[in-house]
Structure formats: structure tokens, C-alpha cells
>>> print(open('coords-v7.pdb').read())   # PDB, C-alpha atoms
ATOM      1  CA  MET A  11       1.248  30.664  -1.928  1.00  0.00           C
ATOM      2  CA  ASN A  12       2.766  27.205  -1.567  1.00  0.00           C
ATOM      3  CA  LYS A  13       0.382  24.434  -0.617  1.00  0.00           C
ATOM      4  CA  LYS A  14       0.868  22.565   2.629  1.00  0.00           C
ATOM      5  CA  ARG A  15       2.237  19.074   2.149  1.00  0.00           C
ATOM      6  CA  LEU A  16      -0.097  16.261   3.240  1.00  0.00           C
ATOM      7  CA  VAL A  17       1.763  12.960   3.462  1.00  0.00           C
ATOM      8  CA  VAL A  18      -0.446   9.876   3.599  1.00  0.00           C
ATOM      9  CA  LEU A  19       0.453   6.363   4.738  1.00  0.00           C
ATOM     10  CA  SER A  20      -2.256   4.029   3.449  1.00  0.00           C
ATOM     11  CA  GLY A  21      -2.834   0.361   4.154  1.00  0.00           C
ATOM     12  CA  ALA A  22      -5.123  -2.563   3.457  1.00  0.00           C
ATOM     13  CA  GLY A  23      -8.141  -0.988   5.163  1.00  0.00           C
ATOM     14  CA  ILE A  24      -8.656   1.558   2.403  1.00  0.00           C
ATOM     15  CA  SER A  25      -8.560  -1.128  -0.307  1.00  0.00           C
ATOM     16  CA  ALA A  26     -10.822  -3.432   1.706  1.00  0.00           C
ATOM     17  CA  GLU A  27     -13.699  -1.016   1.186  1.00  0.00           C
ATOM     18  CA  SER A  28     -13.322  -1.630  -2.545  1.00  0.00           C
ATOM     19  CA  GLY A  29     -13.621  -5.375  -1.974  1.00  0.00           C
ATOM     20  CA  ILE A  30      -9.943  -6.321  -1.909  1.00  0.00           C
ATOM     21  CA  LYS A  31      -9.275  -8.939   0.753  1.00  0.00           C
ATOM     22  CA  THR A  32      -6.579  -8.558   3.412  1.00  0.00           C
ATOM     23  CA  PHE A  33      -4.276 -11.038   5.126  1.00  0.00           C
ATOM     24  CA  ARG A  34      -5.317  -9.957   8.589  1.00  0.00           C
ATOM     25  CA  ASP A  35      -9.031 -10.635   8.082  1.00  0.00           C
ATOM     26  CA  SER A  36      -8.721 -14.378   8.472  1.00  0.00           C
ATOM     27  CA  GLY A  37      -6.000 -14.832  11.090  1.00  0.00           C
ATOM     28  CA  GLY A  38      -3.063 -15.174   8.733  1.00  0.00           C
ATOM     29  CA  LEU A  39      -4.889 -17.295   6.157  1.00  0.00           C
ATOM     30  CA  TRP A  40      -5.770 -15.973   2.721  1.00  0.00           C
ATOM     31  CA  GLU A  41      -7.758 -18.177   0.386  1.00  0.00           C
ATOM     32  CA  GLY A  42      -6.769 -21.110   2.613  1.00  0.00           C
ATOM     33  CA  HIS A  43      -3.026 -20.441   2.504  1.00  0.00           C
ATOM     34  CA  HIS A  44      -0.759 -19.260   5.296  1.00  0.00           C
ATOM     35  CA  VAL A  45       0.870 -15.996   4.303  1.00  0.00           C
ATOM     36  CA  MET A  46       4.372 -17.500   4.418  1.00  0.00           C
ATOM     37  CA  GLU A  47       3.381 -20.050   1.765  1.00  0.00           C
ATOM     38  CA  VAL A  48       2.554 -17.329  -0.736  1.00  0.00           C
ATOM     39  CA  ALA A  49       4.417 -14.239   0.464  1.00  0.00           C
ATOM     40  CA  SER A  50       7.987 -15.306   1.226  1.00  0.00           C
ATOM     41  CA  PRO A  51      11.094 -16.271  -0.759  1.00  0.00           C
ATOM     42  CA  GLU A  52      10.928 -19.687   0.917  1.00  0.00           C
ATOM     43  CA  GLY A  53       7.364 -20.197  -0.280  1.00  0.00           C
ATOM     44  CA  TRP A  54       8.434 -19.254  -3.806  1.00  0.00           C
ATOM     45  CA  ARG A  55      11.287 -21.765  -3.742  1.00  0.00           C
ATOM     46  CA  ARG A  56       8.974 -24.521  -2.460  1.00  0.00           C
ATOM     47  CA  ASN A  57       6.082 -24.045  -4.858  1.00  0.00           C
ATOM     48  CA  GLN A  58       6.324 -21.482  -7.642  1.00  0.00           C
ATOM     49  CA  ASP A  59       3.107 -22.664  -9.266  1.00  0.00           C
ATOM     50  CA  LEU A  60       1.114 -22.007  -6.077  1.00  0.00           C
ATOM     51  CA  VAL A  61       2.587 -18.529  -5.620  1.00  0.00           C
ATOM     52  CA  GLN A  62       1.977 -17.562  -9.248  1.00  0.00           C
ATOM     53  CA  GLU A  63      -1.617 -18.800  -9.125  1.00  0.00           C
ATOM     54  CA  PHE A  64      -2.223 -16.937  -5.883  1.00  0.00           C
ATOM     55  CA  TYR A  65      -1.032 -13.587  -7.259  1.00  0.00           C
ATOM     56  CA  ASN A  66      -2.638 -14.138 -10.643  1.00  0.00           C
ATOM     57  CA  LEU A  67      -5.989 -14.445  -8.882  1.00  0.00           C
ATOM     58  CA  ARG A  68      -5.248 -11.385  -6.700  1.00  0.00           C
ATOM     59  CA  ARG A  69      -4.347  -9.427  -9.830  1.00  0.00           C
ATOM     60  CA  LYS A  70      -7.507 -10.517 -11.623  1.00  0.00           C
ATOM     61  CA  GLN A  71      -9.632  -9.588  -8.603  1.00  0.00           C
ATOM     62  CA  ALA A  72      -7.973  -6.191  -8.156  1.00  0.00           C
ATOM     63  CA  ARG A  73      -8.661  -5.299 -11.789  1.00  0.00           C
ATOM     64  CA  GLU A  74     -12.345  -5.938 -11.200  1.00  0.00           C
ATOM     65  CA  CYS A  75     -12.480  -3.605  -8.175  1.00  0.00           C
ATOM     66  CA  ILE A  76     -12.910   0.153  -8.370  1.00  0.00           C
ATOM     67  CA  PRO A  77     -11.666   3.005  -6.168  1.00  0.00           C
ATOM     68  CA  ASN A  78     -13.945   3.994  -3.303  1.00  0.00           C
ATOM     69  CA  LEU A  79     -14.883   7.348  -1.779  1.00  0.00           C
ATOM     70  CA  ALA A  80     -11.801   7.404   0.472  1.00  0.00           C
ATOM     71  CA  HIS A  81      -9.541   7.215  -2.594  1.00  0.00           C
ATOM     72  CA  GLU A  82     -11.600   9.903  -4.308  1.00  0.00           C
ATOM     73  CA  LEU A  83     -11.481  12.286  -1.342  1.00  0.00           C
ATOM     74  CA  LEU A  84      -7.686  12.019  -1.252  1.00  0.00           C
ATOM     75  CA  VAL A  85      -7.700  13.108  -4.892  1.00  0.00           C
ATOM     76  CA  GLU A  86      -9.999  16.035  -4.073  1.00  0.00           C
ATOM     77  CA  LEU A  87      -7.559  17.219  -1.405  1.00  0.00           C
ATOM     78  CA  GLU A  88      -4.968  17.811  -4.134  1.00  0.00           C
ATOM     79  CA  SER A  89      -6.849  21.030  -4.875  1.00  0.00           C
ATOM     80  CA  ASN A  90      -5.773  22.362  -1.494  1.00  0.00           C
ATOM     81  CA  PHE A  91      -2.669  20.368  -0.574  1.00  0.00           C
ATOM     82  CA  GLU A  92       0.353  18.758  -2.119  1.00  0.00           C
ATOM     83  CA  VAL A  93      -0.679  15.168  -1.433  1.00  0.00           C
ATOM     84  CA  LEU A  94       2.036  12.509  -1.300  1.00  0.00           C
ATOM     85  CA  ILE A  95       0.739   8.962  -0.800  1.00  0.00           C
ATOM     86  CA  ILE A  96       2.969   6.239   0.604  1.00  0.00           C
ATOM     87  CA  THR A  97       0.997   3.032   0.286  1.00  0.00           C
ATOM     88  CA  GLN A  98       1.572  -0.439   1.650  1.00  0.00           C
ATOM     89  CA  ASN A  99      -0.960  -1.703  -0.888  1.00  0.00           C
ATOM     90  CA  VAL A 100       0.083  -3.400  -4.103  1.00  0.00           C
ATOM     91  CA  ASP A 101      -3.104  -2.493  -6.002  1.00  0.00           C
ATOM     92  CA  ASP A 102      -3.377   0.597  -8.202  1.00  0.00           C
ATOM     93  CA  LEU A 103      -6.620   2.018  -6.784  1.00  0.00           C
ATOM     94  CA  HIS A 104      -4.963   5.290  -5.716  1.00  0.00           C
ATOM     95  CA  GLU A 105      -3.719   5.874  -9.255  1.00  0.00           C
ATOM     96  CA  ARG A 106      -7.000   4.837 -10.843  1.00  0.00           C
ATOM     97  CA  ALA A 107      -8.827   7.302  -8.585  1.00  0.00           C
ATOM     98  CA  GLY A 108      -6.546  10.058  -9.887  1.00  0.00           C
ATOM     99  CA  SER A 109      -3.870  10.543  -7.220  1.00  0.00           C
ATOM    100  CA  THR A 110      -0.764  11.937  -8.882  1.00  0.00           C
ATOM    101  CA  LYS A 111       2.019  11.145  -6.394  1.00  0.00           C
ATOM    102  CA  VAL A 112       2.002   7.553  -5.138  1.00  0.00           C
ATOM    103  CA  LEU A 113       4.920   5.545  -3.767  1.00  0.00           C
ATOM    104  CA  HIS A 114       4.375   1.781  -3.422  1.00  0.00           C
ATOM    105  CA  LEU A 115       6.394   0.455  -0.493  1.00  0.00           C
ATOM    106  CA  HIS A 116       5.578  -3.197  -1.035  1.00  0.00           C
ATOM    107  CA  GLY A 117       5.589  -3.382  -4.820  1.00  0.00           C
ATOM    108  CA  GLU A 118       2.921  -3.292  -7.499  1.00  0.00           C
ATOM    109  CA  LEU A 119       0.588  -6.113  -8.432  1.00  0.00           C
ATOM    110  CA  ASN A 120       0.348  -4.983 -12.062  1.00  0.00           C
ATOM    111  CA  LYS A 121       4.071  -5.424 -12.586  1.00  0.00           C
ATOM    112  CA  ALA A 122       6.342  -8.459 -12.814  1.00  0.00           C
ATOM    113  CA  GLN A 123       9.981  -8.708 -11.884  1.00  0.00           C
ATOM    114  CA  SER A 124      12.839 -11.010 -12.684  1.00  0.00           C
ATOM    115  CA  SER A 125      13.397 -13.753 -10.105  1.00  0.00           C
ATOM    116  CA  LEU A 126      17.117 -13.313 -10.801  1.00  0.00           C
ATOM    117  CA  ASP A 127      17.491  -9.518 -10.867  1.00  0.00           C
ATOM    118  CA  PRO A 128      14.908  -7.492  -8.857  1.00  0.00           C
ATOM    119  CA  ASN A 129      15.894  -4.367 -10.796  1.00  0.00           C
ATOM    120  CA  LEU A 130      14.306  -5.817 -13.935  1.00  0.00           C
ATOM    121  CA  VAL A 131      10.641  -4.830 -13.621  1.00  0.00           C
ATOM    122  CA  TYR A 132       7.997  -5.065 -16.337  1.00  0.00           C
ATOM    123  CA  GLU A 133       4.517  -3.591 -16.729  1.00  0.00           C
ATOM    124  CA  LEU A 134       1.774  -6.169 -17.199  1.00  0.00           C
ATOM    125  CA  ASP A 135      -1.070  -5.569 -19.642  1.00  0.00           C
ATOM    126  CA  HIS A 136      -2.788  -8.782 -18.551  1.00  0.00           C
ATOM    127  CA  TRP A 137      -3.584 -10.450 -15.228  1.00  0.00           C
ATOM    128  CA  GLU A 138      -1.602 -13.676 -15.578  1.00  0.00           C
ATOM    129  CA  ILE A 139       2.116 -14.446 -15.214  1.00  0.00           C
ATOM    130  CA  LYS A 140       2.648 -17.882 -16.719  1.00  0.00           C
ATOM    131  CA  LYS A 141       5.307 -20.513 -16.178  1.00  0.00           C
ATOM    132  CA  GLY A 142       7.925 -19.868 -18.830  1.00  0.00           C
ATOM    133  CA  ASP A 143       7.420 -16.081 -18.913  1.00  0.00           C
ATOM    134  CA  LYS A 144      10.993 -14.898 -18.578  1.00  0.00           C
ATOM    135  CA  CYS A 145      13.002 -11.719 -18.163  1.00  0.00           C
ATOM    136  CA  GLU A 146      15.647 -10.595 -20.622  1.00  0.00           C
ATOM    137  CA  LYS A 147      18.249 -12.587 -18.667  1.00  0.00           C
ATOM    138  CA  GLY A 148      16.264 -15.793 -19.083  1.00  0.00           C
ATOM    139  CA  SER A 149      14.904 -16.021 -15.543  1.00  0.00           C
ATOM    140  CA  GLN A 150      11.275 -16.770 -14.633  1.00  0.00           C
ATOM    141  CA  LEU A 151       9.144 -13.708 -13.936  1.00  0.00           C
ATOM    142  CA  ARG A 152       7.614 -13.413 -10.448  1.00  0.00           C
ATOM    143  CA  PRO A 153       5.205 -10.940  -8.849  1.00  0.00           C
ATOM    144  CA  ASN A 154       6.634  -7.487  -8.231  1.00  0.00           C
ATOM    145  CA  VAL A 155       5.751  -7.717  -4.545  1.00  0.00           C
ATOM    146  CA  VAL A 156       7.987  -7.302  -1.485  1.00  0.00           C
ATOM    147  CA  TRP A 157       7.655 -10.550   0.460  1.00  0.00           C
ATOM    148  CA  PHE A 158       8.278 -11.177   4.144  1.00  0.00           C
ATOM    149  CA  GLY A 159      12.014 -11.335   4.749  1.00  0.00           C
ATOM    150  CA  GLU A 160      12.895  -9.178   1.739  1.00  0.00           C
ATOM    151  CA  PRO A 161      14.251  -5.618   1.941  1.00  0.00           C
ATOM    152  CA  VAL A 162      11.909  -2.685   1.295  1.00  0.00           C
ATOM    153  CA  PRO A 163      13.866  -0.801  -1.378  1.00  0.00           C
ATOM    154  CA  LYS A 164      11.676   2.326  -1.403  1.00  0.00           C
ATOM    155  CA  MET A 165      11.804   2.842   2.365  1.00  0.00           C
ATOM    156  CA  LEU A 166      14.430   5.600   2.121  1.00  0.00           C
ATOM    157  CA  ASP A 167      12.298   7.514  -0.386  1.00  0.00           C
ATOM    158  CA  ALA A 168       9.299   7.141   1.930  1.00  0.00           C
ATOM    159  CA  ILE A 169      11.313   8.501   4.862  1.00  0.00           C
ATOM    160  CA  LYS A 170      12.251  11.565   2.811  1.00  0.00           C
ATOM    161  CA  TRP A 171       8.587  12.205   2.069  1.00  0.00           C
ATOM    162  CA  ALA A 172       7.610  11.738   5.726  1.00  0.00           C
ATOM    163  CA  GLU A 173      10.265  14.214   6.854  1.00  0.00           C
ATOM    164  CA  LYS A 174       8.678  16.912   4.685  1.00  0.00           C
ATOM    165  CA  ALA A 175       5.115  16.473   5.984  1.00  0.00           C
ATOM    166  CA  ASP A 176       3.199  19.519   7.172  1.00  0.00           C
ATOM    167  CA  ILE A 177       0.369  17.112   8.004  1.00  0.00           C
ATOM    168  CA  PHE A 178       0.683  13.333   8.259  1.00  0.00           C
ATOM    169  CA  LEU A 179      -2.258  10.995   7.708  1.00  0.00           C
ATOM    170  CA  VAL A 180      -2.387   7.272   8.474  1.00  0.00           C
ATOM    171  CA  ILE A 181      -5.377   5.500   6.907  1.00  0.00           C
ATOM    172  CA  GLY A 182      -6.330   1.858   6.629  1.00  0.00           C
ATOM    173  CA  THR A 183      -3.416   0.534   8.665  1.00  0.00           C
ATOM    174  CA  SER A 184      -3.182  -0.120  12.390  1.00  0.00           C
ATOM    175  CA  LEU A 185       0.515   0.807  12.611  1.00  0.00           C
ATOM    176  CA  GLN A 186       1.498  -2.815  13.261  1.00  0.00           C
ATOM    177  CA  VAL A 187       3.417  -3.554  10.047  1.00  0.00           C
ATOM    178  CA  TYR A 188       7.073  -2.526  10.181  1.00  0.00           C
ATOM    179  CA  PRO A 189       9.123  -0.864   8.848  1.00  0.00           C
ATOM    180  CA  ALA A 190       6.217   1.112   7.340  1.00  0.00           C
ATOM    181  CA  ALA A 191       4.633   1.874  10.721  1.00  0.00           C
ATOM    182  CA  GLY A 192       7.827   3.638  11.794  1.00  0.00           C
ATOM    183  CA  LEU A 193       7.299   6.352   9.177  1.00  0.00           C
ATOM    184  CA  VAL A 194       5.168   8.376  11.609  1.00  0.00           C
ATOM    185  CA  ASP A 195       8.308   8.872  13.693  1.00  0.00           C
ATOM    186  CA  TYR A 196       9.913  10.796  10.829  1.00  0.00           C
ATOM    187  CA  ALA A 197       7.163  13.396  10.589  1.00  0.00           C
ATOM    188  CA  PRO A 198       8.354  16.758  11.947  1.00  0.00           C
ATOM    189  CA  SER A 199       7.485  17.269  15.619  1.00  0.00           C
ATOM    190  CA  SER A 200       5.418  20.335  14.742  1.00  0.00           C
ATOM    191  CA  SER A 201       3.250  18.451  12.233  1.00  0.00           C
ATOM    192  CA  PRO A 202      -0.134  17.072  13.347  1.00  0.00           C
ATOM    193  CA  ILE A 203      -0.810  13.391  12.694  1.00  0.00           C
ATOM    194  CA  TYR A 204      -4.246  11.944  11.972  1.00  0.00           C
ATOM    195  CA  LEU A 205      -5.035   8.242  12.261  1.00  0.00           C
ATOM    196  CA  ILE A 206      -8.172   6.894  10.573  1.00  0.00           C
ATOM    197  CA  ASP A 207      -8.865   3.416  11.922  1.00  0.00           C
ATOM    198  CA  PRO A 208     -12.096   1.929  13.284  1.00  0.00           C
ATOM    199  CA  ASN A 209     -10.264  -0.008  16.004  1.00  0.00           C
ATOM    200  CA  SER A 210      -9.655   1.403  19.453  1.00  0.00           C
ATOM    201  CA  GLU A 211      -6.926  -1.086  20.409  1.00  0.00           C
ATOM    202  CA  PHE A 212      -4.225   1.526  20.750  1.00  0.00           C
ATOM    203  CA  SER A 213      -2.849   1.563  24.288  1.00  0.00           C
ATOM    204  CA  ARG A 214      -0.721   4.683  24.010  1.00  0.00           C
ATOM    205  CA  LEU A 215      -0.838   7.057  21.102  1.00  0.00           C
ATOM    206  CA  PRO A 216       1.355  10.169  21.142  1.00  0.00           C
ATOM    207  CA  SER A 217      -0.647  13.267  22.038  1.00  0.00           C
ATOM    208  CA  ARG A 218      -0.174  14.831  18.617  1.00  0.00           C
ATOM    209  CA  ILE A 219      -2.026  11.926  16.950  1.00  0.00           C
ATOM    210  CA  THR A 220      -5.740  12.554  16.459  1.00  0.00           C
ATOM    211  CA  HIS A 221      -7.479   9.185  16.218  1.00  0.00           C
ATOM    212  CA  LEU A 222     -10.623   9.144  14.087  1.00  0.00           C
ATOM    213  CA  LYS A 223     -12.304   5.849  14.958  1.00  0.00           C
ATOM    214  CA  SER A 224     -14.021   5.427  11.613  1.00  0.00           C
ATOM    215  CA  SER A 225     -13.853   3.449   8.415  1.00  0.00           C
ATOM    216  CA  ALA A 226     -11.652   4.829   5.662  1.00  0.00           C
ATOM    217  CA  THR A 227     -14.515   6.478   3.789  1.00  0.00           C
ATOM    218  CA  GLU A 228     -16.259   7.940   6.845  1.00  0.00           C
ATOM    219  CA  GLY A 229     -12.941   9.047   8.318  1.00  0.00           C
ATOM    220  CA  MET A 230     -11.975  10.846   5.117  1.00  0.00           C
ATOM    221  CA  LYS A 231     -15.250  12.795   5.166  1.00  0.00           C
ATOM    222  CA  ILE A 232     -14.463  13.946   8.712  1.00  0.00           C
ATOM    223  CA  LEU A 233     -10.846  14.723   7.901  1.00  0.00           C
ATOM    224  CA  LYS A 234     -11.710  16.787   4.849  1.00  0.00           C
ATOM    225  CA  ASP A 235     -13.979  18.970   6.979  1.00  0.00           C
ATOM    226  CA  LEU A 236     -11.205  19.345   9.539  1.00  0.00           C
ATOM    227  CA  LEU A 237      -8.481  20.223   7.039  1.00  0.00           C
ATOM    228  CA  ILE A 238     -10.155  22.530   4.558  1.00  0.00           C
ATOM    229  CA  PRO A 239     -10.773  25.355   7.121  1.00  0.00           C
ATOM    230  CA  GLU A 240      -6.993  25.382   7.684  1.00  0.00           C
ATOM    231  CA  ILE A 241      -6.360  26.711   4.184  1.00  0.00           C
TER
END
>>> encode(input="coords-v7.pdb", output="C-alpha cells")
Amino acid sequence: MNKKRLVVLSGAGISAESGIKTFRDSGGLWEGHHVMEVASPEGWRRNQDLVQEFYNLRRKQARECIPNLAHELLVELESNFEVLIITQNVDDLHERAGSTKVLHLHGELNKAQSSLDPNLVYELDHWEIKKGDKCEKGSQLRPNVVWFGEPVPKMLDAIKWAEKADIFLVIGTSLQVYPAAGLVDYAPSSSPIYLIDPNSEFSRLPSRITHLKSSATEGMKILKDLLIPEI
């Protein structure tokens, strides 16, 4: 018997429980910088050294963090479901927990890309991209992260996954970041949607969305109990 397909949209809230900081926590400031200074093409053009240092420190921090119970429970669900994870996060905690199908919408912190040709992407075996580290075309390497104002190249792949969902789960994101938040609209009308988010600031959620007002880890415990009897 074919497994049901559980499509997951994950955001910063699931990584936060592993100690990874989020933009939203401090009103648009991260480590004292406005997000547009360190997460936009304009910021990169103004001050490459600042942007590189910022992501080098994020990369170093992420490597010191470990997956939490929410990541682990998603892995456990692979025994019962085909689990496809679309993540807005640039860390690799899903993969390190053991998830086998992960699509990174906003890039990957442990990779570098050419500042000339975004199709040239390189795995990093260290946490630091230095000034003078260049791609094969001679251009400075930059973080492999989708910045504000840049296209989201994997959005079409994510839409295809969403369209095939038997069950759709949103975890660690408040459905405020577009275009990612629009993925719930591509889930088939017959497919239930679960939202795990501790906030209750949702004025109107569609009736087919079940809102579990819990942290990522506590919400995943509840969800697992809800889903397993369906098998």
C-alpha cells in the first residue's frame, strides 16, 4: 500500500528551538543590523565585508546547534508517510536529523555561490567564506542564500510538491513570508492542513486548517498522535 504524502512547510520557529536566532525576534534587527543591510543585493554591493562576516558567524553558530525533537519527530513520521519538507530555513538541521527529502526555498548556509553566476554553487567544508575566495569564473563567492528582492528559484518545485499533498503541515512559520506562505493555497482542497504555531494572531484561517497553538516540539507530539491513527 502506498504511503500518504505529508508535505511540510517549515520556518524559523522550528530552528529557533535548537538555538538558531531569527530575524523577527528583534523587530527586524539581527546582531544589531537591519535585515536589508545583510540580506539584500543592495547591502552586498554597499558592504561585502559586513555581509560575509554576518553569514560566516551564522554558519559557525548553526554548525554548533543540533536538531531538536520536532526535527526528529518529522523523521519518525517517514515510517508511516512519504514526508516531503519544504523549508524556508537555510540551516541543515532537517538533514542532520535524518529527513530524506528536503527542499530549501531560500538557499543553504553550508554552500557558497558565485556572485556573478548564481548557478555556480559550491559545498563548504568550513564555516568561513573569505575575501578572495572565487568561483571558477573569477568572481567572489557569496552566501548561497536568497536575499530580499531576489527570485526564489525553487518555488516551482515547491508548488509541485504542495499540489501532491495528502496532508499539509505548516510548522515554525506564521504564514507571513511570501511567496512561501502561498504554498498552502496549492494543497488539494480535499487535503487537511495543520498549522503548528504558538501565536493566536490569525484573524481568519480557512476551516480546513487545524491550528495547534503550541511550540514546534510540543505541536509535533500532538500531531503525531493525531496522524498515526489515520494509517
>>> closest_residue(input="coords-v7.pdb", among="A:Ile232, A:Leu79, A:Leu134, A:Ala190", to="Glu27 in chain A", atoms="only C-alpha atoms")
A:Leu79
>>> residues_around(input="coords-v7.pdb", residues="Leu179 in chain A", least_positions_apart="2", cutoff="8 Å", atoms="only C-alpha atoms", output="ChimeraX atom specification")
/A:16-19,177,181,203-206
>>> write_last_selection(input="coords-v7.pdb", atoms="C-alpha atoms", output="CSV table (one decimal), keeping the file's coordinate frame")
chain,number,residue,atom,x,y,z
A,16,LEU,CA,-0.1,16.3,3.2
A,17,VAL,CA,1.8,13.0,3.5
A,18,VAL,CA,-0.4,9.9,3.6
A,19,LEU,CA,0.5,6.4,4.7
A,177,ILE,CA,0.4,17.1,8.0
A,181,ILE,CA,-5.4,5.5,6.9
A,203,ILE,CA,-0.8,13.4,12.7
A,204,TYR,CA,-4.2,11.9,12.0
A,205,LEU,CA,-5.0,8.2,12.3
A,206,ILE,CA,-8.2,6.9,10.6
>>> atom_distance(input="coords-v7.pdb", atom1="CA of Lys70 in chain A", atom2="CA of Tyr132 in chain A")
17.1 Å
>>> residues_around(input="coords-v7.pdb", residues="Gly142 in chain A", least_positions_apart="4", cutoff="12 Å", atoms="all atoms listed in the file", output="list in words")
Gln58, Asp59, Gln62, Ser124, Ser125, Glu138, Gly148, Ser149, Gln150, Leu151 and Arg152 of chain A
>>> axis_aligned_box(input="coords-v7.pdb", around="range 72-90 of chain A", padding_each_side="5 Å", output="AutoDock Vina command-line options")
--center_x -9.9 --center_y 8.1 --center_z -5.7 --size_x 19.9 --size_y 38.6 --size_z 22.3
>>> closest_residue(input="coords-v7.pdb", among="A:Lys164, A:Lys234, A:Arg68, A:Lys174", to="His116 in chain A", atoms="all atoms listed in the file")
A:Lys164
>>> closest_residue(input="coords-v7.pdb", among="A:Leu94, A:Leu87, A:Val131, A:Val48", to="Met230 in chain A", atoms="all atoms listed in the file")
A:Leu87
>>> resolve_selection(input="coords-v7.pdb", expression="the PyMOL selection byres ((chain A and resi 117) around 6)", output="PyMOL selection string")
chain A and resi 100+114-116+118+154-156
>>> closest_residue(input="coords-v7.pdb", among="A:Gly192, A:Pro202, A:Gly29, A:Gly21", to="Asn99 in chain A", atoms="only C-alpha atoms")
A:Gly21
>>> atom_distance(input="coords-v7.pdb", atom1="CA of Val61 in chain A", atom2="CA of Ala168 in chain A")
27.6 Å
>>> resolve_selection(input="coords-v7.pdb", expression="the PyMOL selection byres ((chain A and resi 92) around 7)", output="list in words")
Lys13, Lys14, Arg15, Leu16, Glu88, Phe91, Val93 and Leu94 of chain A
>>> resolve_selection(input="coords-v7.pdb", expression="the PyMOL selection byres ((chain A and resi 197) around 10)", output="MDAnalysis selection string")
chainID A and resid 17 169:178 192:196 198:203
>>> atom_distance(input="coords-v7.pdb", atom1="CA of Pro239 in chain A", atom2="CA of Ile76 in chain A")
29.7 Å
>>> closest_residue(input="coords-v7.pdb", among="A:Pro77, A:Gly23, A:Pro163, A:Pro189", to="Leu103 in chain A", atoms="only C-alpha atoms")
A:Pro77
>>> residues_around(input="coords-v7.pdb", residues="Ala22 in chain A", least_positions_apart="2", cutoff="10 Å", atoms="all atoms listed in the file", output="list in words")
Ser20, Ile24, Ser25, Ala26, Glu27, Ile30, Lys31, Thr32, Phe33, Arg34, Thr97, Gln98, Asn99, Val100, Asp101, Ile181, Gly182, Thr183 and Ser184 of chain A
>>> residues_around(input="coords-v7.pdb", residues="Gly108 in chain A", least_positions_apart="3", cutoff="9 Å", atoms="all atoms listed in the file", output="PyMOL selection string")
chain A and resi 81-82+84-85+103-105
